[in-house]
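**Q** Once you've had a glance at the structure underneath, I'll fire off some questions.
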Amino acid sequence: MKLNYIVFCDSASIDTSGKVNLIGIFDRIQSSQFPTSVPLMQIATEVMDVTDENLNIKILVTKKDSNEVVAEVETIQKMNLANGDRYRLLAKADSMIFPEPGDYNVLVDINGEKFMAPSPLKVVAIS
């Protein structure tokens, strides 16, 4: 399997043809108080070269510096595209709590094979 993308956004959906609709893509969260949360957040991802139709999927958000798990995010929509070797996944992460400023990784675990977002989600303190 290969990771094609992981995207953070306010809202996402997959239509019946497999087209992904992403609204409000972001890579940074700013807050003046911690812990903080984001009222709306979804994680969209696509993996390619999938050979097993029975997917056990976990999406974890971890602190980059310590690998401490901040949240396990539930997959809410999964679409196997017509050619059968590509899956698009959406995960709802509304109100996820970020305990402190820093970089947060997203790890997608599919049947024990782990994929990390190429860039961390940056949570930044502002005054």
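Letters A, B, ... go to the chains of the structure tokens in the order shown; residues in each chain start at 1; ligands are counted from 1 in the same order.
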A:Ser66: which residues within 12 Å, counting only C-alpha atoms, same-chain residues fewer than 5 positions away excluded, as a PDB file with C-alpha atoms, in the first residue's frame?

**A**
```pdb
ATOM      1  CA  VAL A  61      -3.159  11.844  16.373  1.00  0.00           C
ATOM      2  CA  GLY A 102       3.396  22.021  19.157  1.00  0.00           C
ATOM      3  CA  ASP A 103       3.443  19.731  16.168  1.00  0.00           C
ATOM      4  CA  TYR A 104       0.967  16.856  15.964  1.00  0.00           C
ATOM      5  CA  ASN A 105       1.325  13.880  13.626  1.00  0.00           C
TER       6      ASN A 105
END
```

**Q** Quick check, in Å to one decimal: how far apart do atom CA of A:Thr16 and atom CA of A:Arg86 lie?

**A**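 So the two atoms, atom CA of A:Thr16 and atom CA of A:Arg86, lie 14.9 Å apart.
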
**Q** Between atom CA of A:Pro118 and atom CA of A:Asp15, measure the distance and give it in Å to one decimal.

**A**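 So the two atoms, atom CA of A:Pro118 and atom CA of A:Asp15, lie 25.8 Å apart.
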
**Q** Set out as JSON lines a contact list for stretch 37-122 of chain A and stretch 22-29 of chain A with a cut-off of 8 Å, giving each residue of stretch 37-122 of chain A that qualifies its closest atom pair and distance in Å to one decimal, counting only C-alpha atoms, ordered by chain and rising residue number.

**A**
```
{"residue": "A:Val38", "atom": "CA", "partner": "A:Ile29", "partner_atom": "CA", "distance": 7.9}
{"residue": "A:Pro120", "atom": "CA", "partner": "A:Asp27", "partner_atom": "CA", "distance": 7.5}
{"residue": "A:Leu121", "atom": "CA", "partner": "A:Asp27", "partner_atom": "CA", "distance": 5.2}
{"residue": "A:Lys122", "atom": "CA", "partner": "A:Arg28", "partner_atom": "CA", "distance": 4.6}
```

**Q** Could you list, as a list in words, every residue within 6 Å of stretch 106-116 of chain A, counting only C-alpha atoms and ignoring same-chain residues fewer than 4 positions away?

**A**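 Everything that qualifies: Asn56, Ile57, Lys58, Ile59, Leu60 and Val61 of chain A.
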
**Q** Could you name the residues that touch A:Ile76 at 10 Å or less, counting only C-alpha atoms, but leaving out those on the same chain fewer than 6 positions away, as a list in words?

**A**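 Listed by chain and then number, they are Ser13, Gln42, Leu89, Leu90, Ala91, Lys92 and Ala93 of chain A.
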
**Q** Quick one: everything within 12 Å of A:Ala125, counting only C-alpha atoms, minus sequence neighbours fewer than 4 positions away in the same chain. Send it as a ChimeraX atom specification.

**A** /A:28-36,98-103

**Q** The selected residues should be written to file as a PDB file, in the first residue's frame (atoms: C-alpha atoms).

**A**
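Output contents, as saved in part_39.pdb:
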```
ATOM      1  CA  ARG A  28      -2.257  25.181  11.417  1.00  0.00           C
ATOM      2  CA  ILE A  29      -4.441  25.831  14.438  1.00  0.00           C
ATOM      3  CA  GLN A  30      -3.992  29.019  16.485  1.00  0.00           C
ATOM      4  CA  SER A  31      -5.198  29.537  20.035  1.00  0.00           C
ATOM      5  CA  SER A  32      -4.604  31.927  22.914  1.00  0.00           C
ATOM      6  CA  GLN A  33      -5.544  29.314  25.553  1.00  0.00           C
ATOM      7  CA  PHE A  34      -4.535  25.710  26.158  1.00  0.00           C
ATOM      8  CA  PRO A  35      -5.771  23.085  26.198  1.00  0.00           C
ATOM      9  CA  THR A  36      -7.678  24.032  23.049  1.00  0.00           C
ATOM     10  CA  PHE A  98      -4.849  19.696  21.880  1.00  0.00           C
ATOM     11  CA  PRO A  99      -3.219  19.919  25.326  1.00  0.00           C
ATOM     12  CA  GLU A 100      -0.439  22.340  24.355  1.00  0.00           C
ATOM     13  CA  PRO A 101       1.180  24.123  21.412  1.00  0.00           C
ATOM     14  CA  GLY A 102       3.396  22.021  19.157  1.00  0.00           C
ATOM     15  CA  ASP A 103       3.443  19.731  16.168  1.00  0.00           C
TER      16      ASP A 103
END
```

**Q** Using DSSP on the backbone coordinates, identify all residues within stretch 3-127 of chain A classified as strand (DSSP E); present the result as a ChimeraX atom specification.

**A** /A:3-14,20-26,28-31,36-37,42-48,57-63,69-80,86-92,97-98,102-110,113-116,121-125
